Structures are given as C-alpha cells and as structure tokens.
file coords.csv (CSV, C-alpha atoms)
chain,number,residue,atom,x,y,z
W,1,MET,CA,41.2,35.6,27.4
W,2,ALA,CA,41.7,33.4,30.4
W,3,ILE,CA,38.9,32.6,32.9
W,4,ARG,CA,39.9,32.6,36.6
W,5,SER,CA,38.1,30.4,39.1
W,6,LEU,CA,36.9,32.3,42.1
W,7,LYS,CA,37.0,29.1,44.1
W,8,SER,CA,40.5,27.8,43.3
W,9,GLY,CA,42.1,30.9,41.8
W,10,THR,CA,43.4,28.9,38.9
W,11,PHE,CA,43.2,30.0,35.3
W,12,SER,CA,41.4,27.9,32.8
W,13,ARG,CA,41.0,27.9,29.0
W,14,SER,CA,40.4,30.9,26.8
W,15,GLY,CA,37.0,32.2,26.0
W,16,LEU,CA,38.0,32.4,22.4
W,17,VAL,CA,37.8,29.1,20.6
W,18,GLY,CA,41.2,27.9,19.3
W,19,ASN,CA,43.4,30.2,21.4
W,20,ASP,CA,45.6,29.0,24.1
W,21,VAL,CA,45.7,30.7,27.4
W,22,ILE,CA,48.7,33.1,27.5
W,23,MET,CA,49.2,34.9,30.8
W,24,PRO,CA,51.6,37.6,31.5
W,25,GLY,CA,54.9,36.1,32.7
W,26,SER,CA,54.5,32.9,30.8
W,27,TYR,CA,55.6,34.2,27.5
W,28,GLU,CA,59.3,34.7,26.7
W,29,SER,CA,61.2,36.1,23.8
W,30,ILE,CA,63.8,33.6,22.4
W,31,ALA,CA,65.2,35.2,19.3
W,32,THR,CA,64.6,37.7,16.5
W,33,VAL,CA,65.7,37.9,12.9
W,34,THR,CA,65.4,41.1,10.9
W,35,VAL,CA,66.4,40.6,7.3
W,36,GLY,CA,69.1,43.0,6.1
W,37,ALA,CA,69.8,44.6,2.7
W,38,GLY,CA,70.0,42.0,0.0
W,39,GLY,CA,67.3,39.8,1.5
W,40,ALA,CA,67.4,36.3,2.7
W,41,ASN,CA,66.2,33.0,1.1
W,42,THR,CA,65.8,31.3,4.5
W,43,VAL,CA,65.4,32.3,8.1
W,44,THR,CA,66.4,29.8,10.7
W,45,PHE,CA,65.8,29.6,14.5
W,46,SER,CA,68.2,27.0,15.8
W,47,ASN,CA,69.2,25.6,19.2
W,48,ILE,CA,65.7,26.2,20.5
W,49,PRO,CA,65.5,25.4,24.2
W,50,SER,CA,63.2,22.5,25.1
W,51,THR,CA,61.9,24.2,28.2
W,52,TYR,CA,58.7,25.7,26.9
W,53,THR,CA,55.3,24.1,26.2
W,54,HIS,CA,54.7,25.8,22.8
W,55,LEU,CA,56.5,28.1,20.4
W,56,GLN,CA,55.1,31.1,18.6
W,57,ILE,CA,56.6,32.9,15.6
W,58,ARG,CA,55.3,36.4,15.0
W,59,GLY,CA,56.6,38.0,11.8
W,60,ILE,CA,56.1,40.5,9.0
W,61,PRO,CA,57.2,38.8,5.8
W,62,ARG,CA,57.1,40.4,2.3
W,63,THR,CA,57.2,38.0,-0.6
W,64,PRO,CA,55.3,39.4,-3.5
W,65,GLY,CA,54.4,36.8,-6.1
W,66,ASN,CA,56.2,34.0,-4.2
W,67,ALA,CA,55.1,31.3,-1.8
W,68,THR,CA,56.8,30.6,1.6
W,69,TYR,CA,57.3,27.4,3.5
W,70,MET,CA,58.3,26.0,6.9
W,71,SER,CA,60.3,22.9,7.9
W,72,VAL,CA,61.7,21.8,11.2
W,73,THR,CA,64.8,19.9,12.5
W,74,THR,CA,65.0,17.5,15.3
W,75,SER,CA,67.6,15.1,16.7
W,76,GLY,CA,66.5,12.8,14.0
W,77,GLY,CA,67.3,15.2,11.2
W,78,ALA,CA,65.2,17.5,9.0
W,79,ASN,CA,61.5,17.0,8.7
W,80,TYR,CA,59.7,18.7,5.9
W,81,GLY,CA,56.2,17.8,7.0
W,82,LEU,CA,53.8,15.0,6.3
W,83,LYS,CA,50.6,16.9,5.4
W,84,GLY,CA,48.8,20.2,5.9
W,85,HIS,CA,45.5,21.8,5.2
W,86,TYR,CA,44.5,25.3,4.4
W,87,LEU,CA,41.4,27.5,4.3
W,88,LEU,CA,41.9,30.8,2.5
W,89,GLY,CA,40.0,33.9,1.4
W,90,ASN,CA,41.2,36.0,-1.5
W,91,GLY,CA,38.4,38.6,-1.5
W,92,THR,CA,36.5,36.6,-4.1
W,93,SER,CA,36.4,33.0,-3.0
W,94,ALA,CA,36.8,31.0,0.2
W,95,LEU,CA,38.8,27.9,-0.7
W,96,ALA,CA,40.1,24.9,1.2
W,97,GLY,CA,42.7,22.3,0.3
W,98,VAL,CA,45.5,19.9,1.2
W,99,LEU,CA,49.2,20.8,1.5
W,100,ASN,CA,51.9,18.4,0.6
W,101,PRO,CA,55.6,19.2,1.3
W,102,THR,CA,57.4,20.9,-1.5
W,103,GLY,CA,60.7,19.1,-1.4
W,104,THR,CA,63.1,20.4,1.2
W,105,LYS,CA,61.2,23.7,1.4
W,106,GLY,CA,58.6,22.1,3.6
W,107,LEU,CA,54.9,22.9,3.9
W,108,ALA,CA,53.5,26.1,2.6
W,109,LEU,CA,52.7,29.0,4.9
W,110,ASP,CA,50.8,31.0,2.3
W,111,VAL,CA,49.0,29.8,-0.7
W,112,TYR,CA,48.9,32.8,-2.9
W,113,VAL,CA,50.5,36.2,-2.8
W,114,GLY,CA,49.9,38.6,-5.6
W,115,SER,CA,51.5,41.9,-6.3
W,116,LEU,CA,52.1,44.2,-3.4
W,117,VAL,CA,52.6,47.9,-3.1
W,118,ALA,CA,55.9,49.3,-1.8
W,119,ASN,CA,56.3,49.1,2.0
W,120,GLN,CA,53.6,46.5,2.4
W,121,PHE,CA,54.3,43.6,4.6
W,122,GLY,CA,52.1,40.7,5.6
W,123,VAL,CA,51.6,38.7,8.8
W,124,TYR,CA,52.9,35.4,10.2
W,125,LEU,CA,51.3,34.2,13.4
W,126,ILE,CA,52.5,30.6,13.8
W,127,ASP,CA,52.0,28.3,16.8
W,128,ILE,CA,54.1,25.1,17.0
W,129,LEU,CA,52.3,23.1,19.7
W,130,ASP,CA,54.0,20.7,22.2
W,131,TYR,CA,57.2,21.0,20.1
W,132,ALA,CA,59.3,19.3,22.8
W,133,ASN,CA,56.9,16.4,23.5
W,134,THR,CA,58.6,13.1,22.6
W,135,ASN,CA,55.4,11.1,22.6
W,136,LYS,CA,53.5,12.7,19.7
W,137,TYR,CA,53.8,14.0,16.2
W,138,LYS,CA,54.1,17.8,16.1
W,139,THR,CA,51.4,20.1,14.8
W,140,ALA,CA,51.5,23.7,13.9
W,141,ARG,CA,48.8,26.2,13.0
W,142,ALA,CA,49.5,29.4,11.1
W,143,MET,CA,47.5,32.5,10.4
W,144,THR,CA,49.1,34.3,7.5
W,145,GLY,CA,48.2,36.8,4.9
W,146,TYR,CA,48.6,40.0,3.0
W,147,SER,CA,45.9,42.5,2.7
W,148,ASP,CA,45.4,43.5,-0.9
W,149,SER,CA,43.0,42.9,-3.7
W,150,SER,CA,45.2,40.2,-5.2
W,151,SER,CA,46.4,38.5,-2.0
W,152,SER,CA,45.1,36.0,0.5
W,153,LEU,CA,44.3,35.4,4.1
W,154,ASN,CA,45.3,31.8,5.2
W,155,MET,CA,44.3,29.6,8.0
W,156,ILE,CA,46.8,26.7,7.9
W,157,SER,CA,47.6,23.5,9.8
W,158,HIS,CA,50.8,21.5,9.5
W,159,LEU,CA,51.6,17.9,10.6
W,160,TYR,CA,55.3,17.0,11.2
W,161,ASP,CA,55.7,13.2,11.5
W,162,THR,CA,58.3,13.1,14.2
W,163,THR,CA,58.2,12.3,17.9
W,164,ASN,CA,61.6,13.9,18.5
W,165,ALA,CA,61.7,17.4,20.0
W,166,ILE,CA,62.0,20.2,17.5
W,167,THR,CA,65.3,22.0,17.9
W,168,SER,CA,65.3,24.2,14.8
W,169,ILE,CA,62.7,25.9,12.6
W,170,THR,CA,63.4,27.1,9.0
W,171,LEU,CA,61.3,29.5,7.1
W,172,TYR,CA,61.9,29.4,3.3
W,173,ALA,CA,60.8,32.0,0.7
W,174,ASP,CA,60.8,31.4,-3.0
W,175,GLY,CA,62.8,34.3,-4.2
W,176,ASN,CA,63.8,36.1,-1.0
W,177,TYR,CA,62.5,37.7,2.2
W,178,PRO,CA,63.5,41.3,1.4
W,179,GLN,CA,65.0,43.8,3.8
W,180,TYR,CA,62.9,44.7,6.9
W,181,SER,CA,61.1,41.4,6.9
W,182,THR,CA,61.2,40.5,10.6
W,183,PHE,CA,60.5,37.3,12.5
W,184,ALA,CA,60.5,36.8,16.3
W,185,LEU,CA,60.4,33.5,18.1
W,186,TYR,CA,58.7,33.2,21.5
W,187,GLY,CA,58.3,30.4,24.1
W,188,VAL,CA,55.0,29.9,25.8
W,189,ASN,CA,54.4,28.1,29.1
M,1,MET,CA,65.1,34.7,28.2
M,2,ALA,CA,63.2,38.0,28.6
M,3,LYS,CA,59.7,37.6,29.8
M,4,THR,CA,57.2,39.7,27.9
M,5,TYR,CA,53.4,40.0,27.1
M,6,THR,CA,52.8,42.9,29.4
M,7,PRO,CA,49.4,44.4,30.1
M,8,ILE,CA,49.4,48.1,29.0
M,9,ALA,CA,45.9,49.2,29.8
M,10,THR,CA,42.4,47.8,30.3
M,11,GLN,CA,39.0,49.4,29.8
M,12,LYS,CA,35.8,48.0,31.1
M,13,LEU,CA,32.7,49.9,30.1
M,14,THR,CA,30.3,50.8,32.9
M,15,ALA,CA,27.9,52.2,30.4
M,16,SER,CA,27.4,51.7,26.7
M,17,ALA,CA,29.9,53.7,24.6
M,18,ALA,CA,30.3,54.6,20.9
M,19,SER,CA,34.0,54.0,20.9
M,20,VAL,CA,37.0,53.0,22.9
M,21,THR,CA,40.4,54.6,22.5
M,22,PHE,CA,43.9,53.6,23.7
M,23,SER,CA,46.2,56.6,23.3
M,24,ASN,CA,49.8,57.5,24.1
M,25,ILE,CA,50.7,53.9,23.5
M,26,ASN,CA,54.1,53.0,24.9
M,27,GLN,CA,56.6,52.6,22.0
M,28,ASN,CA,58.9,50.1,23.7
M,29,TYR,CA,57.3,46.9,22.5
M,30,THR,CA,57.5,45.1,19.2
M,31,ASP,CA,53.8,44.0,18.8
M,32,LEU,CA,50.5,44.9,20.4
M,33,ARG,CA,47.7,42.5,21.2
M,34,LEU,CA,44.2,43.7,22.0
M,35,ILE,CA,41.8,41.3,23.7
M,36,PHE,CA,38.1,42.1,23.5
M,37,SER,CA,35.0,40.6,25.1
M,38,GLY,CA,31.6,42.0,24.8
M,39,THR,CA,28.7,42.9,22.4
M,40,SER,CA,27.1,45.7,20.5
M,41,THR,CA,23.8,47.2,21.6
M,42,ARG,CA,22.5,46.7,18.0
M,43,SER,CA,19.4,44.6,18.4
M,44,SER,CA,18.8,41.3,16.7
M,45,SER,CA,21.8,41.6,14.4
M,46,ASN,CA,25.5,41.5,14.3
M,47,ASP,CA,27.7,44.7,14.2
M,48,ILE,CA,31.0,45.7,12.6
M,49,VAL,CA,33.8,47.0,14.7
M,50,TYR,CA,36.1,49.5,12.8
M,51,LEU,CA,39.7,50.2,13.7
M,52,SER,CA,41.1,53.7,13.4
M,53,ILE,CA,44.8,54.4,13.9
M,54,ASN,CA,46.4,57.6,15.1
M,55,GLY,CA,43.2,59.5,15.0
M,56,GLU,CA,42.5,59.0,11.4
M,57,THR,CA,38.9,58.9,10.2
M,58,LEU,CA,37.5,55.8,8.5
M,59,GLY,CA,38.6,55.2,5.0
M,60,THR,CA,41.8,57.2,5.0
M,61,ASN,CA,44.8,54.8,4.9
M,62,GLY,CA,43.6,51.2,5.3
M,63,ARG,CA,42.7,48.0,3.6
M,64,TYR,CA,41.4,44.7,4.8
M,65,LEU,CA,40.8,41.2,3.5
M,66,ASN,CA,38.5,38.9,5.5
M,67,LEU,CA,37.4,35.3,5.7
M,68,TYR,CA,34.4,34.2,7.7
M,69,GLY,CA,32.0,31.4,8.3
M,70,THR,CA,28.4,31.6,9.4
M,71,GLY,CA,27.6,27.9,9.9
M,72,SER,CA,26.3,27.1,6.5
M,73,GLY,CA,27.8,27.0,3.0
M,74,SER,CA,31.5,27.3,2.2
M,75,GLY,CA,32.2,30.6,4.0
M,76,GLY,CA,32.8,34.0,2.6
M,77,THR,CA,35.6,36.4,1.9
M,78,GLY,CA,35.7,40.1,1.0
M,79,PHE,CA,38.0,43.0,0.4
M,80,SER,CA,37.8,46.7,1.2
M,81,GLY,CA,40.2,49.2,-0.3
M,82,SER,CA,39.8,51.9,2.3
M,83,TYR,CA,39.7,50.9,6.0
M,84,ASN,CA,40.7,48.5,8.8
M,85,ILE,CA,38.4,46.5,11.1
M,86,LEU,CA,38.5,44.3,14.2
M,87,GLY,CA,35.7,42.3,12.7
M,88,ILE,CA,32.1,41.2,13.4
M,89,ILE,CA,30.6,41.1,16.9
M,90,ASP,CA,27.3,39.9,18.3
M,91,GLY,CA,24.4,42.3,18.8
M,92,ALA,CA,22.7,42.5,22.1
M,93,THR,CA,20.4,39.4,22.2
M,94,GLY,CA,20.1,37.2,25.2
M,95,TRP,CA,23.3,35.6,26.5
M,96,GLN,CA,25.4,36.2,23.4
M,97,GLN,CA,28.9,37.4,23.9
M,98,SER,CA,31.7,37.9,21.4
M,99,SER,CA,35.4,37.6,21.8
M,100,GLY,CA,38.1,39.1,19.7
M,101,ILE,CA,41.9,39.3,19.3
M,102,LEU,CA,43.7,41.9,17.3
M,103,ASP,CA,47.5,41.6,16.7
M,104,LEU,CA,49.3,44.7,15.5
M,105,LEU,CA,52.8,43.7,14.4
M,106,ASN,CA,55.9,45.9,14.4
M,107,TYR,CA,53.6,48.8,15.3
M,108,SER,CA,56.4,51.1,16.6
M,109,ASN,CA,58.8,51.0,13.6
M,110,SER,CA,58.9,53.9,11.2
M,111,THR,CA,59.9,51.9,8.1
M,112,THR,CA,57.0,49.6,7.0
M,113,PHE,CA,53.3,49.9,6.6
M,114,LYS,CA,51.6,48.4,9.6
M,115,PRO,CA,49.9,45.0,9.1
M,116,SER,CA,47.5,43.5,11.7
M,117,PHE,CA,45.5,40.3,12.0
M,118,ALA,CA,42.2,40.1,13.8
M,119,ARG,CA,39.7,37.4,14.6
M,120,THR,CA,36.4,37.5,16.3
M,121,ASN,CA,33.8,34.9,17.1
M,122,GLY,CA,30.2,35.0,18.2
M,123,SER,CA,27.0,33.0,18.5
M,124,ASP,CA,26.6,32.4,14.8
M,125,PHE,CA,29.9,33.2,13.1
M,126,VAL,CA,33.7,33.1,13.1
M,127,HIS,CA,35.5,36.0,11.4
M,128,SER,CA,39.2,36.6,10.6
M,129,CYS,CA,40.7,39.7,9.0
M,130,MET,CA,44.0,40.8,7.6
M,131,ASN,CA,44.5,44.6,7.8
M,132,ILE,CA,47.1,46.9,6.4
M,133,TRP,CA,47.5,50.5,7.5
M,134,THR,CA,49.3,52.1,4.7
M,135,GLN,CA,51.5,54.5,6.7
M,136,THR,CA,55.0,54.1,7.9
M,137,THR,CA,54.4,56.2,11.0
M,138,ALA,CA,54.5,54.4,14.4
M,139,ILE,CA,51.2,53.7,15.9
M,140,SER,CA,50.5,55.7,19.0
M,141,SER,CA,46.8,55.4,19.4
M,142,ILE,CA,44.0,53.0,18.3
M,143,ARG,CA,40.3,53.6,18.3
M,144,LEU,CA,37.6,50.9,18.0
M,145,TRP,CA,34.1,51.9,17.2
M,146,THR,CA,30.9,50.1,16.1
M,147,ASN,CA,29.1,50.6,12.9
M,148,ILE,CA,25.5,50.9,14.1
M,149,GLY,CA,25.1,50.2,17.8
M,150,LEU,CA,27.3,51.0,20.8
M,151,PHE,CA,29.6,48.8,22.7
M,152,SER,CA,27.5,47.4,25.5
M,153,ALA,CA,28.1,48.1,29.2
M,154,GLY,CA,30.4,45.4,30.6
M,155,SER,CA,32.4,45.1,27.4
M,156,THR,CA,36.1,44.8,28.2
M,157,PHE,CA,39.2,45.8,26.2
M,158,THR,CA,42.8,44.9,27.3
M,159,LEU,CA,45.9,46.0,25.4
M,160,TYR,CA,49.1,44.0,25.8
M,161,GLY,CA,52.7,44.7,24.7
M,162,ILE,CA,54.9,42.0,23.3
M,163,LYS,CA,58.7,42.7,23.0
M,164,ALA,CA,61.1,40.7,20.9
M,165,ALA,CA,64.6,40.1,22.1

call {"tool": "encode", "arguments": {"input": "coords.csv", "output": "structure tokens"}}
result
Amino acid sequence: MAIRSLKSGTFSRSGLVGNDVIMPGSYESIATVTVGAGGANTVTFSNIPSTYTHLQIRGIPRTPGNATYMSVTTSGGANYGLKGHYLLGNGTSALAGVLNPTGTKGLALDVYVGSLVANQFGVYLIDILDYANTNKYKTARAMTGYSDSSSSLNMISHLYDTTNAITSITLYADGNYPQYSTFALYGVN
Amino acid sequence: MAKTYTPIATQKLTASAASVTFSNINQNYTDLRLIFSGTSTRSSSNDIVYLSINGETLGTNGRYLNLYGTGSGSGGTGFSGSYNILGIIDGATGWQQSSGILDLLNYSNSTTFKPSFARTNGSDFVHSCMNIWTQTTAISSIRLWTNIGLFSAGSTFTLYGIKAA
C-alpha cells in the first residue's frame, strides 16, 4: 500500500515491509504462457523489453514430486545463478538453507513438493528487481508453494552474477509443467 | 503493452465490523490482489483473519500451509486441512497496525483449484500463508472475517484486478 504525501502529492514506499509500491497504471502485462496438453519441460519469456524497472512473474505451476528452477539470459549469454537462499515451512518444521545452481536448470524455485491431489496447482510470485540495470548484479525474490500436508511454502532469494540486462527468463521443471500450468510476465515501473 | 492492476472496489470501515465481503467480482481479470490495513478489536492479543470464498462456511473446501516468525526462535509452520486464511493481524493495542496482501491467482478459470498466497505483518510477527480452495468454480465473492474480535473502525480493504495479456 503506497503512502501519499499531502504536501507534495508524491507516493512513497509501501507500508508493508518488503513490498514495492505498485500503483495502477504502472503495471503492464508483457506475455502469458499456458501449458497445453502434453506438458512442457521449460517455459521461456524471451525478448523482454528493457523499459521497465522490475519484472514480476505470476503463475500457477503444478509439479508434484519434482523441483523447479529459474535461469536468465542476457547479452552475455545464459546465467544460471550464483547463489540463493530459502526459508520454508512444510507444516512441521521451518527450515532455511543455501541454494546453488543445479547445472543449466538454474536456481531452485521450490525446495520440496510432495504428492498433490488432482486439479491442485501452486503459486509462483517472482520479482526480478532492476533487471535492466547494467551497473549491478541481479536479484530475484520468489514466494512459491503448494498447500498440502506434504508440500512447502518457500521464501526464496536468487543472485545472478551479471551486470548485463536480462532479456530472457526460463522456468524449468524436473518432469514437466502439466497442462493448465499458467505463467504471466508483467513489467512494473 | 496493456496496462493493468486496476482498482475494483475499496471498503473503509467507519465502525467496527465482523466481516468484509466483496461480491459480484468482475470476471475479466486473471488474478485478484487484496490489500488490507487495520487491526482487530481483540484486546491485548493477535487475531486470525479467515477467508471464505463464494459464500462457503469455514472449513468446507480449503487448506492452508503457513510460515511465520515472531521475533524469537526459528519460526513456525503449520497446516490445516479444512480452511483458508488471510493470516494473523494485530489486536487493538496502542498504535499497532497490520498490513496484508492476498493474491488470488487464476480466480476466474473453471478448470483448476484456486491457489492463493497471503502475507501479513504486525507489531510482533510476520506471517505468510499458502492457500488452496479445492473447487474449480470461478471465484465471484470473497469474505474476510476475524476469529475473536471485529475489524476495527478505520480498517481498509482494497481489491485490485490484474489481467494477463
């Protein structure tokens, strides 16, 4: 929730810790992928315009028993991430740990997904911050999860060690993202 | 590119209330986001905010998994096999105010169960919650209600629609 100054009329930061200010009109839909019959091993958003400040991916994945990952591509090539951290709850324990890239899959987006009932999908809320800034490494934060007695809720951070602008994002699923998994990319100013 | 993130409705309570409902929700968006700011009237303790969808009573077709921290220890996590929640909010004590965000994804499709992700924070906690509403029906109304107290006067609730290209 943004706070508006009565004196200047400008908007300042959110009252909720960790959330960027998003005002109506500063949020644009870039692309959407809905996985068809047969599933998809990867979902890629490519040719991402560099005209936004941040990117956000909102999705409903379904990957029972399998982990998922994210990597990015820049003008310098693919980047599978340098390091990440996670905090998760699985209904029994709250756990924290370090993420290292898993080969060309990238950094994990969810740490554990158990069995799921039919029709059940999870959540991806992923922010890629300052993705077009050429003066800094890129960071992403992800809130992901599935709600079940054998699943997890994850709070995740990723570091991609590149100063090049991100032009492409790939989501990777061990196994497949099955039909009806949906992912939407937004630009935020 | 298509601009989105559109305010659908806002409710600001002029008196304390047991619940807040958004009904006849426009079905033309992909996701919904609810922003909350306020407290419960419960004195000297936090309160739970439940989420009911499409007029269902608590414990009908929901599940949640949560993760929270209270400023000490390693945090906690829990699971419920029967209902959805927005999370924990402050009770009415002094200056305390809670904020909350609830994201309901792909709420208007008629194919999948409806997942949502919520997080709240207050004077002595942070709370996040992964919900699933185990119905494929599109969501046309949501109701938030407190466990013990009421939503305090001045509490605000704003519902936004987000449409994918």

call {"tool": "closest_atom_pairs", "arguments": {"input": "coords.csv", "of": "stretch 120-141 of chain M", "to": "stretch 101-107 of chain M", "cutoff": "7 Å", "atoms": "all atoms listed in the file", "output": "CSV"}}
result
residue,atom,partner,partner_atom,distance
M:Thr120,CA,M:Ile101,CA,6.5
M:Ala138,CA,M:Tyr107,CA,5.7
M:Ile139,CA,M:Tyr107,CA,5.5

call {"tool": "interface_residues", "arguments": {"input": "coords.csv", "of": "chain M", "to": "chain W", "cutoff": "9 Å", "atoms": "all atoms listed in the file", "output": "VMD selection string"}}
result
chain M and resid 1 to 7 31 35 to 37 63 to 68 74 to 81 98 to 101 103 105 to 106 111 to 117 120 to 121 128 to 136 160 162 to 165

call {"tool": "residues_around", "arguments": {"input": "coords.csv", "residues": "stretch 99-113 of chain W", "least_positions_apart": "5", "cutoff": "8 Å", "atoms": "all atoms listed in the file", "output": "NGL selection string"}}
result
:W and (63-71 or 79-86 or 88 or 142 or 144-146 or 150-152 or 154 or 156 or 158 or 172)

call {"tool": "write_last_selection", "arguments": {"input": "coords.csv", "atoms": "C-alpha atoms", "output": "CSV table (one decimal), in the coordinates of the input"}}
result
chain,number,residue,atom,x,y,z
W,63,THR,CA,57.2,38.0,-0.6
W,64,PRO,CA,55.3,39.4,-3.5
W,65,GLY,CA,54.4,36.8,-6.1
W,66,ASN,CA,56.2,34.0,-4.2
W,67,ALA,CA,55.1,31.3,-1.8
W,68,THR,CA,56.8,30.6,1.6
W,69,TYR,CA,57.3,27.4,3.5
W,70,MET,CA,58.3,26.0,6.9
W,71,SER,CA,60.3,22.9,7.9
W,79,ASN,CA,61.5,17.0,8.7
W,80,TYR,CA,59.7,18.7,5.9
W,81,GLY,CA,56.2,17.8,7.0
W,82,LEU,CA,53.8,15.0,6.3
W,83,LYS,CA,50.6,16.9,5.4
W,84,GLY,CA,48.8,20.2,5.9
W,85,HIS,CA,45.5,21.8,5.2
W,86,TYR,CA,44.5,25.3,4.4
W,88,LEU,CA,41.9,30.8,2.5
W,142,ALA,CA,49.5,29.4,11.1
W,144,THR,CA,49.1,34.3,7.5
W,145,GLY,CA,48.2,36.8,4.9
W,146,TYR,CA,48.6,40.0,3.0
W,150,SER,CA,45.2,40.2,-5.2
W,151,SER,CA,46.4,38.5,-2.0
W,152,SER,CA,45.1,36.0,0.5
W,154,ASN,CA,45.3,31.8,5.2
W,156,ILE,CA,46.8,26.7,7.9
W,158,HIS,CA,50.8,21.5,9.5
W,172,TYR,CA,61.9,29.4,3.3

call {"tool": "atom_distance", "arguments": {"input": "coords.csv", "atom1": "atom CA of M:Glu56", "atom2": "atom CA of M:Tyr83"}}
result
10.1 Å
